[in-house]
Number of protein chains: 2
Amino acid sequence: MISKKMQPLVANNSVIRAMFEEGQKMAKEFGAENVFDFSLGNPNVPAPKEVNQAIIDIVTNVDPVKVHGYMSNAGFPETRKAVADNLNRRFGTGFNENNIIMTVGAGSALNVILKTMLDPGDEVICLAPYFVEYGNYIRNYDGELVVISANPEEGFMPKFGELEEKITSKTKALIINNPNNPTGVVYPEEVIVRLAELLDKKQKEFGTVIYLISDEPYRELAYRGAQVPYLTKYYANTIVGYSYSKSLSLPGERIGYIVIPEESDGAREFFDAAVIANRVSGSVNAPSLMQLVIERCIDAKCEVEYYERNGRKLYDELTAMGFECVEPEGAFYLWMKSPVSDEKEFTAKAKEYNILMVPGSSFAGPGYVRISYCVSYEQIERSIPKFKELAKNYF
Amino acid sequence: MISKKMQPLVANNSVIRAMFEEGQKMAKEFGAENVFDFSLGNPNVPAPKEVNQAIIDIVTNVDPVKVHGYMSNAGFPETRKAVADNLNRRFGTGFNENNIIMTVGAGSALNVILKTMLDPGDEVICLAPYFVEYGNYIRNYDGELVVISANPEEGFMPKFGELEEKITSKTKALIINNPNNPTGVVYPEEVIVRLAELLDKKQKEFGTVIYLISDEPYRELAYRGAQVPYLTKYYANTIVGYSYSKSLSLPGERIGYIVIPEESDGAREFFDAAVIANRVSGSVNAPSLMQLVIERCIDAKCEVEYYERNGRKLYDELTAMGFECVEPEGAFYLWMKSPVSDEKEFTAKAKEYNILMVPGSSFAGPGYVRISYCVSYEQIERSIPKFKELAKNYF
């Protein structure tokens with residue numbers, strides 16, 4: 001009954017999602033306050049007040065036929081202009097509405113980008129550890145996932161030697177996620193410059209176009225003033241996928257965008273094709289009310305300090321207990337070394353203490369676990385004694 | 001730069017969408033009141049008042065972390081239960097929340113259904129004239145579109161002889177759209193019974209599962225008490241895709257659902273796979289606020305009388321001018337025979353009078369045009385003199 005392509009997906013359903021369901025069951029059994037679910041990137045910080053205010057304002061004052069109606073498949077021109085202007089103000093870029101396509105979140109943005117560019121057999125490179133859905137997205141269009149191994153020795157920066165070897169004439173794109181899920185590191189400017197130089201060199205060597213796909217749901221979540229370079233300024237063939245899921249705490253609303261810079265190869269054709277891909281994939285357009293909300297809330301601030309405090313607290317407490325963690329620079333994930341080589345054994349043990357974490361092998365990063373700290377500070381405080389009990393098994 | 005699969009789509013971009021953009025340009029040039037755009041299924045009837053009231057109520061009173069957050073990829077259980085209960089009340093079915101998946105409109109619903117079932121080369125049958133996106137959706141998963149020719153002699157009912165011949169061991173599904181876009185006809189119960197019997201016979205003959213995919217965005221739009229049979233009651237392997245785009249005038253919001261009846265073959269496995277397909281296709285879940293709105297507005301009525309009046313007015317006026325039209329029974333489309341054999345010549349002529357209609361060849365129905373009357377009654381009244389001028393060219 002099920003297509004051959006879907007069968008392995010059914011067999012290996014997302015561990016993260018399974019945990020989400022598990023966490024909900026455990027919350028019912030033990031009470032929500034006694035379950036420490038660090039499994040999912042579902043922000044516990046409410047959306048900024050401006051968001052709900054904008055929603056009320058729009059449905060009260062704007063013609064409902066406009067608010068809930070179709071628009072161009074690329075999105076409302078005013079929303080796309082607001083996004084372009086905001087990026088230009090912040091990053092000195094030169095976008096306009098014809099470089100922006102509104103999408104059903106970053107998940108759809110990446111699917112639209114890959115559908116637009118991939119022929120069967122085209123290779124797409126990901127740097128381990130990476131968001132596991134990338135592999136599924138690439139396989140949706142019969143692309144081949146090429147993985148560059150993790151680089152714990154150099155703070156999980158890209159392994160340039162291996163990357164250089166694995167870029168071939170079949171390489172269509174490299175996906176980068178900055179700040180990174182699951183490691184919480186931010187690739188600094190010198191890494192981006194080096195990456196751009198390598199891709200440029202390889203494009204010339206093979207006479208091909210190699211896209212740098214920048215998956216940016218965590219762009220606004222960088223700590224202590226860390227600068228997240230805007231990649232289109234470093235590499236012309238950059239295509240950006242963005243989501244407001246994290247920055248405005250709207251993950252369920254499915255609202256994001258694609259940036260196709262004018263200077264990228266075949267930009268106009270790519271834009272037209274991506275708009276069609278957005279349509280025929282079934283999204284048709286990004287949700288209309290949320291597009292109007294984004295236009296009004298384009299300067300709303302996400303509570304980065306909240307996440308920073310969460311990350312700092314967990315990092316300090318867990319390292320003090322003896323755990324080895326990557327110091328968080330952004331996103332809302334703590335990447336922690338498992339105290340035993342099989343990290344699934346460790347996450348199973350943690351579950352005995354009602355602590356839910358995702359095994360690193362779900363991100364092609366075995367031996368580590370991901371602790372998602374987009375939760376309330378109170379949950380973190382309540383979890384510390386439980387983590388201490390867990391730690392006693394190992395240290 | 002563009003994948004081979006996307007290239008023909010870019011070359012033959014949707015005529016309907018191109019017209020939508022054209023209509024917007026013409027409205028700017030001539031004034032909106034002087035352009036008679038009958039091209040798109042974008043309801044001009046506002047959403048029922050309950051919808052905006054529910055939105056305000058939800059964002060005012062419900063925890064924003066719930067309103068805008070992730071839920072199970074299948075959707076909020078409460079929303080899915082509300083949908084199931086509503087269908088059970090109206091159609092005597094026996095669904096529960098485990099038969100319902102909330103989706104990003106019917107476009108995503110159909111894509112998820114096809115992604116779940118199709119292997120490359122599997123055949124999917126559509127009855128001409130049909131919504132042109134079906135072909136694109138089928139090709140997304142490397143399925144083969146098989147078209148049954150139009151049946152103007154029998155009021156555009158299915159051509160059973162040809163259908164029986166074209167069902168093969170490779171037939172995976174038949175897509176049916178009732179009430180029909182673009183013809184506006186409703187397939188009555190005896191046609192559905194005959195269709196179910198044929199599919200059952202063919203399943204036995206080939207020892208295969210043949211799904212009946214019921215695309216139902218127009219279910220609530222049936223006139224003069226016409227009954228639209230609920231297909232799961234006639235054929236067990238029916239999978240339903242629904243959208244609130246038309247019934248609640250929410251096309252931009254992208255909210256709909258899939259029904260997978262318990263009695264369909266492999267129902268549980270199909271459900272699980274479809275939920276994963278919904279996730280990995282990038283939708284992740286249907287927009288969260290709109291799911292909560294649907295739960296509260298499940299009994300809201302769409303203004304079917306408004307559309308019925310529009311259809312009646314256009315049908316009466318245009319037939320009086322000499323045009324030959326299919327009498328509308330549902331949806332909001334008038335299917336009119338072109339007075340010249342090349343209907344594109346006719347729509348080009350109509351454009352000279354600022355009347356926009358879609359050529360039937362966009363629906364595999366050459367020689368006809370589709371007039372989408374989900375517009376204001378005033379637009380229809382204003383258009384009549386222009387139609388009269390147009391008619392003078394032919395009668």
# chains A, B, ... in the order shown; residues from 1 in each chain; ligands from 1
>>> closest_atom_pairs(of="chain A", to="chain B", cutoff="6 Å", atoms="only C-alpha atoms", output="CSV")
residue,atom,partner,partner_atom,distance
A:Ile2,CA,B:Met117,CA,4.9
A:Ser3,CA,B:Met117,CA,4.7
A:Val10,CA,B:Ala273,CA,5.7
A:Pro46,CA,B:Val65,CA,5.1
A:Asn52,CA,B:Val59,CA,6.0
A:Ile56,CA,B:Ile56,CA,5.7
A:Val59,CA,B:Asn52,CA,6.0
A:Pro64,CA,B:Pro46,CA,5.6
A:Val65,CA,B:Pro46,CA,5.1
A:His68,CA,B:Leu250,CA,4.9
A:Gly69,CA,B:Gly252,CA,4.4
A:Tyr70,CA,B:Gly252,CA,4.4
A:Gly107,CA,B:Gly282,CA,4.0
A:Ser108,CA,B:Gly282,CA,4.1
A:Thr116,CA,B:Ile2,CA,5.7
A:Met117,CA,B:Ser3,CA,4.7
A:Leu118,CA,B:Ser3,CA,5.2
A:Asp119,CA,B:Ser3,CA,5.2
A:Leu250,CA,B:His68,CA,4.9
A:Pro251,CA,B:Gly69,CA,5.3
A:Gly252,CA,B:Gly69,CA,4.4
A:Glu253,CA,B:Pro287,CA,4.4
A:Arg254,CA,B:Pro287,CA,5.9
A:Ala273,CA,B:Val10,CA,5.7
A:Gly282,CA,B:Gly107,CA,4.0
A:Ser283,CA,B:Ser108,CA,5.9
A:Pro287,CA,B:Glu253,CA,4.4
A:Ser288,CA,B:Gly252,CA,4.9
>>> write_last_selection(atoms="C-alpha atoms", output="tab-separated table (two decimals), in the first residue's frame")
chain	number	residue	atom	x	y	z
A	2	ILE	CA	2.92	2.30	0.78
A	3	SER	CA	5.37	3.53	-1.84
A	10	VAL	CA	7.91	4.47	8.15
A	46	PRO	CA	5.64	32.84	23.85
A	52	ASN	CA	-1.07	38.62	18.71
A	56	ILE	CA	-6.22	41.15	16.18
A	59	VAL	CA	-8.67	40.62	11.37
A	64	PRO	CA	-11.19	39.48	5.15
A	65	VAL	CA	-11.13	38.67	1.45
A	68	HIS	CA	-7.56	35.02	4.03
A	69	GLY	CA	-7.39	35.05	0.23
A	70	TYR	CA	-4.98	33.91	-2.41
A	107	GLY	CA	10.92	22.93	5.90
A	108	SER	CA	9.00	23.94	2.79
A	116	THR	CA	13.95	23.53	-8.03
A	117	MET	CA	17.58	22.48	-8.47
A	118	LEU	CA	17.97	18.71	-8.06
A	119	ASP	CA	18.11	16.12	-10.79
A	250	LEU	CA	5.69	30.54	15.59
A	251	PRO	CA	6.73	26.97	14.71
A	252	GLY	CA	3.18	25.69	14.32
A	253	GLU	CA	2.19	28.52	11.96
A	254	ARG	CA	4.60	27.47	9.21
A	273	ALA	CA	10.89	27.95	-10.99
A	282	GLY	CA	0.91	21.71	-2.67
A	283	SER	CA	1.83	24.62	-0.41
A	287	PRO	CA	-0.35	31.15	5.12
A	288	SER	CA	-1.84	34.55	4.28
>>> select_by_dssp(residues="region 18-242 of chain B", states="strand (DSSP E)", output="mmCIF file with N, CA and C atoms, in the first residue's frame")
data_model
loop_
_atom_site.group_PDB
_atom_site.id
_atom_site.type_symbol
_atom_site.label_atom_id
_atom_site.label_comp_id
_atom_site.auth_asym_id
_atom_site.auth_seq_id
_atom_site.Cartn_x
_atom_site.Cartn_y
_atom_site.Cartn_z
ATOM 1 N N PHE B 36 -13.158 42.317 -15.508
ATOM 2 C CA PHE B 36 -14.084 41.242 -15.144
ATOM 3 C C PHE B 36 -13.308 39.942 -15.103
ATOM 4 N N ASP B 37 -12.686 39.744 -13.958
ATOM 5 C CA ASP B 37 -11.754 38.633 -13.818
ATOM 6 C C ASP B 37 -12.507 37.398 -13.313
ATOM 7 N N ILE B 100 -7.998 11.092 10.638
ATOM 8 C CA ILE B 100 -7.911 12.453 10.093
ATOM 9 C C ILE B 100 -6.491 13.003 10.240
ATOM 10 N N ILE B 101 -5.948 13.577 9.182
ATOM 11 C CA ILE B 101 -4.672 14.301 9.230
ATOM 12 C C ILE B 101 -4.924 15.716 8.726
ATOM 13 N N MET B 102 -4.614 16.708 9.540
ATOM 14 C CA MET B 102 -4.775 18.101 9.100
ATOM 15 C C MET B 102 -3.628 18.442 8.144
ATOM 16 N N THR B 103 -3.948 19.191 7.093
ATOM 17 C CA THR B 103 -2.944 19.481 6.062
ATOM 18 C C THR B 103 -2.940 20.953 5.648
ATOM 19 N N GLU B 123 0.116 4.231 -12.283
ATOM 20 C CA GLU B 123 -0.819 5.050 -13.061
ATOM 21 C C GLU B 123 -1.917 5.651 -12.181
ATOM 22 N N VAL B 124 -2.220 6.894 -12.448
ATOM 23 C CA VAL B 124 -3.310 7.579 -11.748
ATOM 24 C C VAL B 124 -4.248 8.141 -12.815
ATOM 25 N N ILE B 125 -5.515 7.805 -12.678
ATOM 26 C CA ILE B 125 -6.505 8.175 -13.693
ATOM 27 C C ILE B 125 -7.230 9.458 -13.305
ATOM 28 N N CYS B 126 -7.367 10.361 -14.258
ATOM 29 C CA CYS B 126 -8.186 11.563 -14.068
ATOM 30 C C CYS B 126 -9.218 11.622 -15.191
ATOM 31 N N LEU B 127 -10.371 12.162 -14.867
ATOM 32 C CA LEU B 127 -11.453 12.276 -15.844
ATOM 33 C C LEU B 127 -11.449 13.687 -16.421
ATOM 34 N N GLU B 144 2.287 8.135 -13.490
ATOM 35 C CA GLU B 144 1.849 8.376 -14.869
ATOM 36 C C GLU B 144 0.386 8.807 -14.859
ATOM 37 N N LEU B 145 0.122 9.941 -15.454
ATOM 38 C CA LEU B 145 -1.245 10.428 -15.578
ATOM 39 C C LEU B 145 -1.943 9.715 -16.735
ATOM 40 N N VAL B 146 -3.106 9.155 -16.471
ATOM 41 C CA VAL B 146 -3.927 8.522 -17.515
ATOM 42 C C VAL B 146 -5.242 9.300 -17.572
ATOM 43 N N VAL B 147 -5.559 9.811 -18.756
ATOM 44 C CA VAL B 147 -6.725 10.682 -18.879
ATOM 45 C C VAL B 147 -7.872 9.957 -19.578
ATOM 46 N N ILE B 148 -9.038 9.999 -18.982
ATOM 47 C CA ILE B 148 -10.255 9.511 -19.630
ATOM 48 C C ILE B 148 -10.900 10.708 -20.310
ATOM 49 N N THR B 171 -2.711 0.548 -12.335
ATOM 50 C CA THR B 171 -3.541 1.646 -11.829
ATOM 51 C C THR B 171 -3.492 1.675 -10.300
ATOM 52 N N LYS B 172 -2.993 2.760 -9.775
ATOM 53 C CA LYS B 172 -2.893 2.881 -8.319
ATOM 54 C C LYS B 172 -4.065 3.676 -7.771
ATOM 55 N N ALA B 173 -4.563 4.603 -8.555
ATOM 56 C CA ALA B 173 -5.616 5.473 -8.031
ATOM 57 C C ALA B 173 -6.393 6.136 -9.146
ATOM 58 N N LEU B 174 -7.588 6.578 -8.785
ATOM 59 C CA LEU B 174 -8.402 7.414 -9.651
ATOM 60 C C LEU B 174 -8.765 8.646 -8.828
ATOM 61 N N ILE B 175 -8.558 9.809 -9.411
ATOM 62 C CA ILE B 175 -8.900 11.036 -8.694
ATOM 63 C C ILE B 175 -10.267 11.522 -9.165
ATOM 64 N N ILE B 176 -11.124 11.783 -8.208
ATOM 65 C CA ILE B 176 -12.450 12.286 -8.542
ATOM 66 C C ILE B 176 -12.670 13.590 -7.781
ATOM 67 N N ASN B 177 -13.382 14.511 -8.423
ATOM 68 C CA ASN B 177 -13.559 15.846 -7.874
ATOM 69 C C ASN B 177 -15.051 16.168 -7.991
ATOM 70 N N TYR B 211 -6.956 2.908 -5.249
ATOM 71 C CA TYR B 211 -7.542 3.933 -4.391
ATOM 72 C C TYR B 211 -8.421 4.883 -5.194
ATOM 73 N N LEU B 212 -9.499 5.274 -4.565
ATOM 74 C CA LEU B 212 -10.327 6.350 -5.104
ATOM 75 C C LEU B 212 -9.973 7.590 -4.272
ATOM 76 N N ILE B 213 -9.326 8.555 -4.909
ATOM 77 C CA ILE B 213 -8.942 9.776 -4.199
ATOM 78 C C ILE B 213 -10.028 10.808 -4.450
ATOM 79 N N SER B 214 -10.686 11.206 -3.389
ATOM 80 C CA SER B 214 -11.787 12.148 -3.530
ATOM 81 C C SER B 214 -11.309 13.541 -3.132
ATOM 82 N N ASP B 215 -11.173 14.401 -4.123
ATOM 83 C CA ASP B 215 -10.720 15.777 -3.888
ATOM 84 C C ASP B 215 -11.963 16.636 -3.687
ATOM 85 N N THR B 238 -11.308 4.448 -0.369
ATOM 86 C CA THR B 238 -11.395 5.866 -0.679
ATOM 87 C C THR B 238 -10.504 6.651 0.291
ATOM 88 N N ILE B 239 -9.733 7.571 -0.238
ATOM 89 C CA ILE B 239 -8.981 8.506 0.598
ATOM 90 C C ILE B 239 -9.473 9.903 0.219
ATOM 91 N N VAL B 240 -9.864 10.682 1.222
ATOM 92 C CA VAL B 240 -10.455 11.990 0.955
ATOM 93 C C VAL B 240 -9.427 13.100 1.214
ATOM 94 N N GLY B 241 -9.360 14.062 0.310
ATOM 95 C CA GLY B 241 -8.610 15.302 0.548
ATOM 96 C C GLY B 241 -9.600 16.453 0.577
ATOM 97 N N TYR B 242 -9.562 17.249 1.620
ATOM 98 C CA TYR B 242 -10.544 18.321 1.780
ATOM 99 C C TYR B 242 -9.821 19.646 2.020
#
>>> select_by_dssp(residues="region 93-228 of chain B", states="helix (DSSP H, G or I)", output="number ranges by chain")
B: 97-99, 105-117, 133-140, 152-154, 160-166, 189-206
>>> decode(residues="region 362-393 of chain A", atoms="C-alpha atoms", output="mmCIF file, in the first residue's frame")
data_model
loop_
_atom_site.group_PDB
_atom_site.id
_atom_site.type_symbol
_atom_site.label_atom_id
_atom_site.label_comp_id
_atom_site.auth_asym_id
_atom_site.auth_seq_id
_atom_site.Cartn_x
_atom_site.Cartn_y
_atom_site.Cartn_z
ATOM 1 C CA SER A 362 19.767 11.031 14.872
ATOM 2 C CA PHE A 363 22.022 13.841 13.586
ATOM 3 C CA ALA A 364 24.808 11.622 12.227
ATOM 4 C CA GLY A 365 26.642 12.488 15.450
ATOM 5 C CA PRO A 366 26.881 9.292 17.491
ATOM 6 C CA GLY A 367 28.484 9.485 20.923
ATOM 7 C CA TYR A 368 26.690 12.773 21.650
ATOM 8 C CA VAL A 369 23.230 13.854 22.727
ATOM 9 C CA ARG A 370 21.234 16.961 21.881
ATOM 10 C CA ILE A 371 19.593 18.837 24.730
ATOM 11 C CA SER A 372 17.023 21.271 23.380
ATOM 12 C CA TYR A 373 16.728 24.112 25.895
ATOM 13 C CA CYS A 374 13.932 26.159 24.341
ATOM 14 C CA VAL A 375 12.024 25.307 27.512
ATOM 15 C CA SER A 376 11.091 27.310 30.574
ATOM 16 C CA TYR A 377 13.937 28.269 32.925
ATOM 17 C CA GLU A 378 11.899 26.609 35.653
ATOM 18 C CA GLN A 379 12.019 23.281 33.821
ATOM 19 C CA ILE A 380 15.793 23.584 33.666
ATOM 20 C CA GLU A 381 15.997 24.372 37.383
ATOM 21 C CA ARG A 382 13.705 21.484 38.259
ATOM 22 C CA SER A 383 15.724 19.127 36.061
ATOM 23 C CA ILE A 384 19.098 19.798 37.738
ATOM 24 C CA PRO A 385 18.593 17.410 40.685
ATOM 25 C CA LYS A 386 17.508 14.725 38.212
ATOM 26 C CA PHE A 387 20.574 15.330 36.031
ATOM 27 C CA LYS A 388 22.667 15.020 39.223
ATOM 28 C CA GLU A 389 21.124 11.634 39.956
ATOM 29 C CA LEU A 390 21.784 10.611 36.351
ATOM 30 C CA ALA A 391 25.403 11.812 36.563
ATOM 31 C CA LYS A 392 26.024 9.609 39.615
ATOM 32 C CA ASN A 393 25.785 6.612 37.280
#
